[in-house]
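Visitor: Below is the file structure.cif, with mmCIF, N, CA and C atoms.
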```cif
data_target
#
loop_
_atom_site.label_atom_id
_atom_site.label_comp_id
_atom_site.auth_asym_id
_atom_site.auth_seq_id
_atom_site.Cartn_x
_atom_site.Cartn_y
_atom_site.Cartn_z
N MET A 1 25.74 -3.44 -22.07
CA MET A 1 25.34 -4.83 -22.08
C MET A 1 26.20 -5.57 -23.11
N ASN A 2 26.79 -6.66 -22.70
CA ASN A 2 27.66 -7.41 -23.62
C ASN A 2 26.85 -8.34 -24.53
N LYS A 3 27.51 -8.93 -25.50
CA LYS A 3 26.84 -9.79 -26.50
C LYS A 3 26.13 -10.97 -25.84
N PHE A 4 26.76 -11.55 -24.82
CA PHE A 4 26.15 -12.69 -24.12
C PHE A 4 24.83 -12.28 -23.48
N ASP A 5 24.82 -11.13 -22.80
CA ASP A 5 23.60 -10.65 -22.15
C ASP A 5 22.52 -10.32 -23.19
N GLN A 6 22.94 -9.76 -24.32
CA GLN A 6 22.00 -9.44 -25.39
C GLN A 6 21.35 -10.71 -25.93
N THR A 7 22.17 -11.72 -26.16
CA THR A 7 21.65 -12.99 -26.67
C THR A 7 20.70 -13.62 -25.67
N LYS A 8 21.07 -13.55 -24.40
CA LYS A 8 20.24 -14.10 -23.34
C LYS A 8 18.88 -13.41 -23.29
N MET A 9 18.88 -12.09 -23.42
CA MET A 9 17.63 -11.33 -23.40
C MET A 9 16.76 -11.66 -24.61
N LEU A 10 17.37 -11.78 -25.78
CA LEU A 10 16.61 -12.10 -26.98
C LEU A 10 16.00 -13.50 -26.89
N LEU A 11 16.75 -14.45 -26.33
CA LEU A 11 16.22 -15.79 -26.14
C LEU A 11 15.05 -15.79 -25.17
N LYS A 12 15.16 -14.99 -24.12
CA LYS A 12 14.07 -14.89 -23.15
C LYS A 12 12.83 -14.27 -23.79
N ALA A 13 13.03 -13.24 -24.63
CA ALA A 13 11.91 -12.60 -25.33
C ALA A 13 11.23 -13.60 -26.27
N ARG A 14 12.01 -14.40 -26.96
CA ARG A 14 11.43 -15.41 -27.86
C ARG A 14 10.66 -16.47 -27.08
N LYS A 15 11.17 -16.82 -25.91
CA LYS A 15 10.47 -17.80 -25.07
C LYS A 15 9.12 -17.26 -24.63
N ILE A 16 9.10 -15.99 -24.22
CA ILE A 16 7.84 -15.37 -23.82
C ILE A 16 6.87 -15.33 -24.99
N GLN A 17 7.38 -15.01 -26.17
CA GLN A 17 6.53 -14.96 -27.36
C GLN A 17 5.92 -16.34 -27.64
N LYS A 18 6.70 -17.39 -27.51
CA LYS A 18 6.18 -18.73 -27.73
C LYS A 18 5.11 -19.08 -26.69
N GLU A 19 5.32 -18.65 -25.45
CA GLU A 19 4.34 -18.88 -24.40
C GLU A 19 3.05 -18.13 -24.69
N LEU A 20 3.17 -16.90 -25.19
CA LEU A 20 1.99 -16.11 -25.54
C LEU A 20 1.17 -16.79 -26.64
N ALA A 21 1.85 -17.44 -27.56
CA ALA A 21 1.15 -18.13 -28.65
C ALA A 21 0.28 -19.26 -28.12
N LYS A 22 0.64 -19.81 -26.97
CA LYS A 22 -0.10 -20.93 -26.39
C LYS A 22 -1.26 -20.48 -25.50
N LYS A 23 -1.23 -19.23 -25.05
CA LYS A 23 -2.28 -18.74 -24.14
C LYS A 23 -3.50 -18.30 -24.95
N ILE A 24 -4.65 -18.83 -24.58
CA ILE A 24 -5.89 -18.55 -25.29
C ILE A 24 -6.82 -17.73 -24.40
N ILE A 25 -7.35 -16.67 -24.98
CA ILE A 25 -8.32 -15.81 -24.31
C ILE A 25 -9.65 -16.03 -25.02
N THR A 26 -10.73 -16.18 -24.26
CA THR A 26 -12.05 -16.38 -24.83
C THR A 26 -12.95 -15.22 -24.43
N VAL A 27 -13.60 -14.62 -25.42
CA VAL A 27 -14.54 -13.53 -25.18
C VAL A 27 -15.89 -13.95 -25.73
N GLU A 28 -16.95 -13.76 -24.92
CA GLU A 28 -18.31 -14.08 -25.35
C GLU A 28 -19.16 -12.82 -25.38
N LYS A 29 -20.04 -12.75 -26.35
CA LYS A 29 -20.99 -11.64 -26.47
C LYS A 29 -22.36 -12.22 -26.79
N GLY A 30 -23.39 -11.41 -26.57
CA GLY A 30 -24.75 -11.86 -26.85
C GLY A 30 -25.15 -13.04 -25.99
N ASP A 31 -24.78 -12.99 -24.71
CA ASP A 31 -25.09 -14.08 -23.77
C ASP A 31 -24.60 -15.43 -24.26
N GLY A 32 -23.45 -15.43 -24.95
CA GLY A 32 -22.85 -16.67 -25.42
C GLY A 32 -23.17 -17.00 -26.87
N ALA A 33 -23.90 -16.13 -27.56
CA ALA A 33 -24.23 -16.39 -28.97
C ALA A 33 -22.98 -16.34 -29.83
N VAL A 34 -22.03 -15.48 -29.46
CA VAL A 34 -20.78 -15.33 -30.21
C VAL A 34 -19.63 -15.56 -29.25
N LYS A 35 -18.69 -16.40 -29.66
CA LYS A 35 -17.50 -16.66 -28.86
C LYS A 35 -16.27 -16.52 -29.76
N VAL A 36 -15.30 -15.72 -29.31
CA VAL A 36 -14.05 -15.53 -30.05
C VAL A 36 -12.90 -16.01 -29.16
N GLU A 37 -12.05 -16.85 -29.74
CA GLU A 37 -10.85 -17.32 -29.06
C GLU A 37 -9.65 -16.73 -29.79
N ILE A 38 -8.74 -16.13 -29.01
CA ILE A 38 -7.56 -15.48 -29.57
C ILE A 38 -6.37 -15.83 -28.70
N ASN A 39 -5.19 -15.87 -29.29
CA ASN A 39 -4.02 -16.17 -28.46
C ASN A 39 -3.28 -14.88 -28.10
N GLY A 40 -2.22 -15.02 -27.33
CA GLY A 40 -1.46 -13.87 -26.86
C GLY A 40 -0.67 -13.15 -27.93
N GLU A 41 -0.67 -13.69 -29.15
CA GLU A 41 -0.02 -13.03 -30.28
C GLU A 41 -1.03 -12.29 -31.15
N GLN A 42 -2.24 -12.12 -30.65
CA GLN A 42 -3.34 -11.45 -31.34
C GLN A 42 -3.77 -12.20 -32.61
N LYS A 43 -3.65 -13.50 -32.59
CA LYS A 43 -4.11 -14.32 -33.71
C LYS A 43 -5.42 -15.00 -33.31
N ILE A 44 -6.47 -14.71 -34.06
CA ILE A 44 -7.75 -15.32 -33.77
C ILE A 44 -7.67 -16.80 -34.11
N LYS A 45 -8.01 -17.63 -33.14
CA LYS A 45 -7.92 -19.07 -33.31
C LYS A 45 -9.26 -19.68 -33.72
N LYS A 46 -10.37 -19.09 -33.21
CA LYS A 46 -11.66 -19.68 -33.50
C LYS A 46 -12.77 -18.67 -33.21
N ILE A 47 -13.79 -18.69 -34.05
CA ILE A 47 -15.02 -17.93 -33.81
C ILE A 47 -16.16 -18.93 -33.84
N THR A 48 -16.96 -18.94 -32.78
CA THR A 48 -18.07 -19.87 -32.66
C THR A 48 -19.37 -19.10 -32.55
N LEU A 49 -20.37 -19.53 -33.30
CA LEU A 49 -21.70 -18.94 -33.25
C LEU A 49 -22.68 -20.01 -32.76
N ASP A 50 -23.48 -19.68 -31.77
CA ASP A 50 -24.48 -20.62 -31.26
C ASP A 50 -25.80 -20.29 -31.94
N LYS A 51 -26.17 -21.11 -32.92
CA LYS A 51 -27.36 -20.82 -33.73
C LYS A 51 -28.64 -20.82 -32.90
N ASP A 52 -28.63 -21.50 -31.75
CA ASP A 52 -29.81 -21.50 -30.90
C ASP A 52 -30.01 -20.17 -30.18
N LEU A 53 -28.96 -19.37 -30.09
CA LEU A 53 -29.04 -18.08 -29.39
C LEU A 53 -29.09 -16.90 -30.34
N ILE A 54 -29.09 -17.17 -31.64
CA ILE A 54 -29.07 -16.10 -32.63
C ILE A 54 -30.43 -16.01 -33.31
N ASN A 55 -30.96 -14.80 -33.36
CA ASN A 55 -32.19 -14.53 -34.10
C ASN A 55 -31.77 -14.06 -35.49
N PHE A 56 -31.90 -14.94 -36.46
CA PHE A 56 -31.43 -14.64 -37.80
C PHE A 56 -32.26 -13.57 -38.50
N ASP A 57 -33.38 -13.20 -37.90
CA ASP A 57 -34.17 -12.10 -38.45
C ASP A 57 -33.56 -10.75 -38.07
N GLU A 58 -32.68 -10.76 -37.10
CA GLU A 58 -32.02 -9.54 -36.63
C GLU A 58 -30.50 -9.71 -36.71
N LEU A 59 -29.99 -9.78 -37.91
CA LEU A 59 -28.56 -10.00 -38.11
C LEU A 59 -27.71 -8.81 -37.65
N GLU A 60 -28.32 -7.65 -37.49
CA GLU A 60 -27.57 -6.50 -36.99
C GLU A 60 -27.00 -6.79 -35.60
N ASP A 61 -27.77 -7.49 -34.77
CA ASP A 61 -27.28 -7.86 -33.44
C ASP A 61 -26.05 -8.75 -33.56
N LEU A 62 -26.12 -9.72 -34.44
CA LEU A 62 -24.99 -10.64 -34.65
C LEU A 62 -23.76 -9.87 -35.10
N GLU A 63 -23.93 -8.95 -36.03
CA GLU A 63 -22.81 -8.15 -36.51
C GLU A 63 -22.19 -7.34 -35.38
N ILE A 64 -23.01 -6.76 -34.54
CA ILE A 64 -22.52 -5.97 -33.40
C ILE A 64 -21.78 -6.87 -32.42
N TRP A 65 -22.34 -8.02 -32.11
CA TRP A 65 -21.70 -8.95 -31.18
C TRP A 65 -20.35 -9.41 -31.72
N LEU A 66 -20.30 -9.70 -33.02
CA LEU A 66 -19.03 -10.11 -33.63
C LEU A 66 -17.98 -9.01 -33.53
N GLU A 67 -18.37 -7.80 -33.88
CA GLU A 67 -17.43 -6.67 -33.81
C GLU A 67 -16.93 -6.48 -32.38
N GLU A 68 -17.85 -6.50 -31.43
CA GLU A 68 -17.47 -6.29 -30.03
C GLU A 68 -16.57 -7.43 -29.53
N ALA A 69 -16.91 -8.65 -29.88
CA ALA A 69 -16.12 -9.80 -29.41
C ALA A 69 -14.70 -9.76 -29.98
N VAL A 70 -14.57 -9.47 -31.26
CA VAL A 70 -13.24 -9.40 -31.87
C VAL A 70 -12.44 -8.25 -31.28
N ARG A 71 -13.06 -7.09 -31.16
CA ARG A 71 -12.38 -5.92 -30.60
C ARG A 71 -11.93 -6.19 -29.16
N ASP A 72 -12.81 -6.75 -28.34
CA ASP A 72 -12.47 -7.02 -26.94
C ASP A 72 -11.41 -8.12 -26.83
N ALA A 73 -11.49 -9.12 -27.71
CA ALA A 73 -10.49 -10.20 -27.68
C ALA A 73 -9.11 -9.66 -28.02
N ILE A 74 -9.03 -8.81 -29.04
CA ILE A 74 -7.74 -8.22 -29.41
C ILE A 74 -7.21 -7.36 -28.27
N SER A 75 -8.08 -6.58 -27.67
CA SER A 75 -7.67 -5.72 -26.55
C SER A 75 -7.14 -6.55 -25.38
N GLU A 76 -7.85 -7.61 -25.02
CA GLU A 76 -7.40 -8.47 -23.92
C GLU A 76 -6.07 -9.15 -24.26
N SER A 77 -5.93 -9.56 -25.51
CA SER A 77 -4.68 -10.20 -25.94
C SER A 77 -3.51 -9.22 -25.88
N GLN A 78 -3.76 -7.99 -26.27
CA GLN A 78 -2.71 -6.96 -26.21
C GLN A 78 -2.31 -6.69 -24.76
N LYS A 79 -3.29 -6.64 -23.87
CA LYS A 79 -2.99 -6.43 -22.45
C LYS A 79 -2.15 -7.58 -21.89
N LEU A 80 -2.51 -8.79 -22.27
CA LEU A 80 -1.76 -9.97 -21.82
C LEU A 80 -0.32 -9.89 -22.32
N ALA A 81 -0.15 -9.60 -23.59
CA ALA A 81 1.20 -9.52 -24.17
C ALA A 81 2.02 -8.42 -23.49
N ALA A 82 1.39 -7.28 -23.26
CA ALA A 82 2.09 -6.17 -22.63
C ALA A 82 2.53 -6.53 -21.22
N SER A 83 1.66 -7.20 -20.48
CA SER A 83 2.02 -7.55 -19.10
C SER A 83 3.13 -8.61 -19.07
N GLU A 84 3.10 -9.54 -20.03
CA GLU A 84 4.13 -10.58 -20.08
C GLU A 84 5.48 -10.01 -20.53
N MET A 85 5.44 -9.05 -21.43
CA MET A 85 6.67 -8.50 -22.00
C MET A 85 7.22 -7.31 -21.19
N GLN A 86 6.44 -6.78 -20.28
CA GLN A 86 6.84 -5.58 -19.52
C GLN A 86 8.24 -5.70 -18.91
N PRO A 87 8.56 -6.80 -18.25
CA PRO A 87 9.89 -6.89 -17.65
C PRO A 87 11.03 -6.83 -18.67
N MET A 88 10.72 -7.18 -19.91
CA MET A 88 11.75 -7.21 -20.96
C MET A 88 11.92 -5.86 -21.66
N MET A 89 10.96 -4.99 -21.57
CA MET A 89 10.97 -3.78 -22.38
C MET A 89 12.17 -2.88 -22.14
N GLY A 90 12.52 -2.67 -20.91
CA GLY A 90 13.67 -1.82 -20.61
C GLY A 90 14.97 -2.38 -21.19
N ALA A 91 15.15 -3.66 -21.00
CA ALA A 91 16.37 -4.29 -21.50
C ALA A 91 16.39 -4.32 -23.02
N LEU A 92 15.26 -4.58 -23.64
CA LEU A 92 15.21 -4.64 -25.10
C LEU A 92 15.41 -3.26 -25.73
N SER A 93 14.93 -2.22 -25.06
CA SER A 93 15.10 -0.87 -25.61
C SER A 93 16.57 -0.49 -25.65
N SER A 94 17.34 -1.01 -24.73
CA SER A 94 18.78 -0.73 -24.75
C SER A 94 19.48 -1.47 -25.89
N LEU A 95 18.79 -2.47 -26.45
CA LEU A 95 19.34 -3.21 -27.59
C LEU A 95 18.90 -2.59 -28.92
N GLY A 96 18.05 -1.57 -28.85
CA GLY A 96 17.59 -0.92 -30.06
C GLY A 96 16.26 -1.44 -30.58
N PHE A 97 15.51 -2.17 -29.74
CA PHE A 97 14.21 -2.69 -30.15
C PHE A 97 13.11 -1.80 -29.64
#
```
Have the structure of the file written as structure tokens, please.

Guide:
Amino acid sequence: MNKFDQTKMLLKARKIQKELAKKIITVEKGDGAVKVEINGEQKIKKITLDKDLINFDELEDLEIWLEEAVRDAISESQKLAASEMQPMMGALSSLGF
């Protein structure tokens, strides 16, 4: 692969990365009591708690919902990134990435 092709591939990878930053995944737990929004770069953008759906006498449930929502959001974000970057992986590996 020549320098021009390498540069072209790197620019395409950066473009995909920028697009991933704009894609938001939302995960809800506890029937909507906890909502986590994350982008395709695995950066949590927002966590929302619906106080009307949370029983504050049982905070263990809230803790579990938060853990599950964050874990699932990260997993979904990773899957999205992997699927978007899949076409680039072979070419990038030849560049040493």

Visitor: What are the centre and the three edge lengths of an axis-aligned box that wraps all atoms of region 54-70 of chain A in the file, given that 4 Å is added to every side, written as lines of an AutoDock Vina configuration file and rounded to one decimal in Å?

Guide:
```
center_x = -23.3
center_y = -11.6
center_z = -34.0
size_x = 29.7
size_y = 19.2
size_z = 17.1
```

Visitor: Mind pulling up the distance from CA of Glu37 (chain A) to CA of Asp52 (chain A)?

Guide: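 Separating CA of Asp52 (chain A) from CA of Glu37 (chain A) is a distance of 19.5 Å.
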
Visitor: Return as a list in words the set of residues that the PyMOL selection byres (((chain A and resi 30 and name CA) around 8) and name CA) yields on the displayed structure.

Guide: Glu28, Lys29, Asp31, Gly32, Ala33, Val34, Leu53, Leu62 and Trp65 of chain A

Visitor: Enumerate, as a PyMOL selection string, the complete set of residues in chain A that a backbone-based DSSP assignment places in helix (DSSP H, G or I).

Guide: chain A and resi 3-22+51-53+59-93

Visitor: Any idea what the distance is between CA of Ser83 (chain A) and atom C of Asn39 (chain A)?

Guide: 12.8 Å

Visitor: Could you tell me which residues the PyMOL selection byres ((chain A and resi 42-50) around 8) grabs in this file, written as a PyMOL selection string?

Guide: chain A and resi 20-21+32-41+51-55+73-78+81

Visitor: Selected residues, N, CA and C atoms, written as a PDB file, keeping the file's coordinate frame, please.

Guide:
```pdb
ATOM      1  N   LEU A  20       3.170 -16.900 -25.190  1.00  0.00           N
ATOM      2  CA  LEU A  20       1.990 -16.110 -25.540  1.00  0.00           C
ATOM      3  C   LEU A  20       1.170 -16.790 -26.640  1.00  0.00           C
ATOM      4  N   ALA A  21       1.850 -17.440 -27.560  1.00  0.00           N
ATOM      5  CA  ALA A  21       1.150 -18.130 -28.650  1.00  0.00           C
ATOM      6  C   ALA A  21       0.280 -19.260 -28.120  1.00  0.00           C
ATOM      7  N   GLY A  32     -23.450 -15.430 -24.950  1.00  0.00           N
ATOM      8  CA  GLY A  32     -22.850 -16.670 -25.420  1.00  0.00           C
ATOM      9  C   GLY A  32     -23.170 -17.000 -26.870  1.00  0.00           C
ATOM     10  N   ALA A  33     -23.900 -16.130 -27.560  1.00  0.00           N
ATOM     11  CA  ALA A  33     -24.230 -16.390 -28.970  1.00  0.00           C
ATOM     12  C   ALA A  33     -22.980 -16.340 -29.830  1.00  0.00           C
ATOM     13  N   VAL A  34     -22.030 -15.480 -29.460  1.00  0.00           N
ATOM     14  CA  VAL A  34     -20.780 -15.330 -30.210  1.00  0.00           C
ATOM     15  C   VAL A  34     -19.630 -15.560 -29.250  1.00  0.00           C
ATOM     16  N   LYS A  35     -18.690 -16.400 -29.660  1.00  0.00           N
ATOM     17  CA  LYS A  35     -17.500 -16.660 -28.860  1.00  0.00           C
ATOM     18  C   LYS A  35     -16.270 -16.520 -29.760  1.00  0.00           C
ATOM     19  N   VAL A  36     -15.300 -15.720 -29.310  1.00  0.00           N
ATOM     20  CA  VAL A  36     -14.050 -15.530 -30.050  1.00  0.00           C
ATOM     21  C   VAL A  36     -12.900 -16.010 -29.160  1.00  0.00           C
ATOM     22  N   GLU A  37     -12.050 -16.850 -29.740  1.00  0.00           N
ATOM     23  CA  GLU A  37     -10.850 -17.320 -29.060  1.00  0.00           C
ATOM     24  C   GLU A  37      -9.650 -16.730 -29.790  1.00  0.00           C
ATOM     25  N   ILE A  38      -8.740 -16.130 -29.010  1.00  0.00           N
ATOM     26  CA  ILE A  38      -7.560 -15.480 -29.570  1.00  0.00           C
ATOM     27  C   ILE A  38      -6.370 -15.830 -28.700  1.00  0.00           C
ATOM     28  N   ASN A  39      -5.190 -15.870 -29.290  1.00  0.00           N
ATOM     29  CA  ASN A  39      -4.020 -16.170 -28.460  1.00  0.00           C
ATOM     30  C   ASN A  39      -3.280 -14.880 -28.100  1.00  0.00           C
ATOM     31  N   GLY A  40      -2.220 -15.020 -27.330  1.00  0.00           N
ATOM     32  CA  GLY A  40      -1.460 -13.870 -26.860  1.00  0.00           C
ATOM     33  C   GLY A  40      -0.670 -13.150 -27.930  1.00  0.00           C
ATOM     34  N   GLU A  41      -0.670 -13.690 -29.150  1.00  0.00           N
ATOM     35  CA  GLU A  41      -0.020 -13.030 -30.280  1.00  0.00           C
ATOM     36  C   GLU A  41      -1.030 -12.290 -31.150  1.00  0.00           C
ATOM     37  N   LYS A  51     -26.170 -21.110 -32.920  1.00  0.00           N
ATOM     38  CA  LYS A  51     -27.360 -20.820 -33.730  1.00  0.00           C
ATOM     39  C   LYS A  51     -28.640 -20.820 -32.900  1.00  0.00           C
ATOM     40  N   ASP A  52     -28.630 -21.500 -31.750  1.00  0.00           N
ATOM     41  CA  ASP A  52     -29.810 -21.500 -30.900  1.00  0.00           C
ATOM     42  C   ASP A  52     -30.010 -20.170 -30.180  1.00  0.00           C
ATOM     43  N   LEU A  53     -28.960 -19.370 -30.090  1.00  0.00           N
ATOM     44  CA  LEU A  53     -29.040 -18.080 -29.390  1.00  0.00           C
ATOM     45  C   LEU A  53     -29.090 -16.900 -30.340  1.00  0.00           C
ATOM     46  N   ILE A  54     -29.090 -17.170 -31.640  1.00  0.00           N
ATOM     47  CA  ILE A  54     -29.070 -16.100 -32.630  1.00  0.00           C
ATOM     48  C   ILE A  54     -30.430 -16.010 -33.310  1.00  0.00           C
ATOM     49  N   ASN A  55     -30.960 -14.800 -33.360  1.00  0.00           N
ATOM     50  CA  ASN A  55     -32.190 -14.530 -34.100  1.00  0.00           C
ATOM     51  C   ASN A  55     -31.770 -14.060 -35.490  1.00  0.00           C
ATOM     52  N   ALA A  73     -11.490  -9.120 -27.710  1.00  0.00           N
ATOM     53  CA  ALA A  73     -10.490 -10.200 -27.680  1.00  0.00           C
ATOM     54  C   ALA A  73      -9.110  -9.660 -28.020  1.00  0.00           C
ATOM     55  N   ILE A  74      -9.030  -8.810 -29.040  1.00  0.00           N
ATOM     56  CA  ILE A  74      -7.740  -8.220 -29.410  1.00  0.00           C
ATOM     57  C   ILE A  74      -7.210  -7.360 -28.270  1.00  0.00           C
ATOM     58  N   SER A  75      -8.080  -6.580 -27.670  1.00  0.00           N
ATOM     59  CA  SER A  75      -7.670  -5.720 -26.550  1.00  0.00           C
ATOM     60  C   SER A  75      -7.140  -6.550 -25.380  1.00  0.00           C
ATOM     61  N   GLU A  76      -7.850  -7.610 -25.020  1.00  0.00           N
ATOM     62  CA  GLU A  76      -7.400  -8.470 -23.920  1.00  0.00           C
ATOM     63  C   GLU A  76      -6.070  -9.150 -24.260  1.00  0.00           C
ATOM     64  N   SER A  77      -5.930  -9.560 -25.510  1.00  0.00           N
ATOM     65  CA  SER A  77      -4.680 -10.200 -25.940  1.00  0.00           C
ATOM     66  C   SER A  77      -3.510  -9.220 -25.880  1.00  0.00           C
ATOM     67  N   GLN A  78      -3.760  -7.990 -26.270  1.00  0.00           N
ATOM     68  CA  GLN A  78      -2.710  -6.960 -26.210  1.00  0.00           C
ATOM     69  C   GLN A  78      -2.310  -6.690 -24.760  1.00  0.00           C
ATOM     70  N   ALA A  81      -0.150  -9.600 -23.590  1.00  0.00           N
ATOM     71  CA  ALA A  81       1.200  -9.520 -24.170  1.00  0.00           C
ATOM     72  C   ALA A  81       2.020  -8.420 -23.490  1.00  0.00           C
TER      73      ALA A  81
END
```

Visitor: Would you mind reading off the distance between CA of Asp57 (chain A) and atom N of Arg71 (chain A), one decimal, in Å?

Guide: 22.9 Å

Visitor: Enumerate as number ranges by chain all residues of region 29-90 of chain A assigned to strand (DSSP E) by DSSP on the backbone, naming them with the chain letters and numbers the document uses.

Guide: A: 29, 34-39, 44-49

Visitor: Between A:Ala82, A:Ile16, A:Leu11, A:Val27, which one has atoms that come closest to Ala69 (chain A), using all atoms listed in the file?

Guide: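 Distance minimum relative to Ala69 (chain A) lands on A:Val27.
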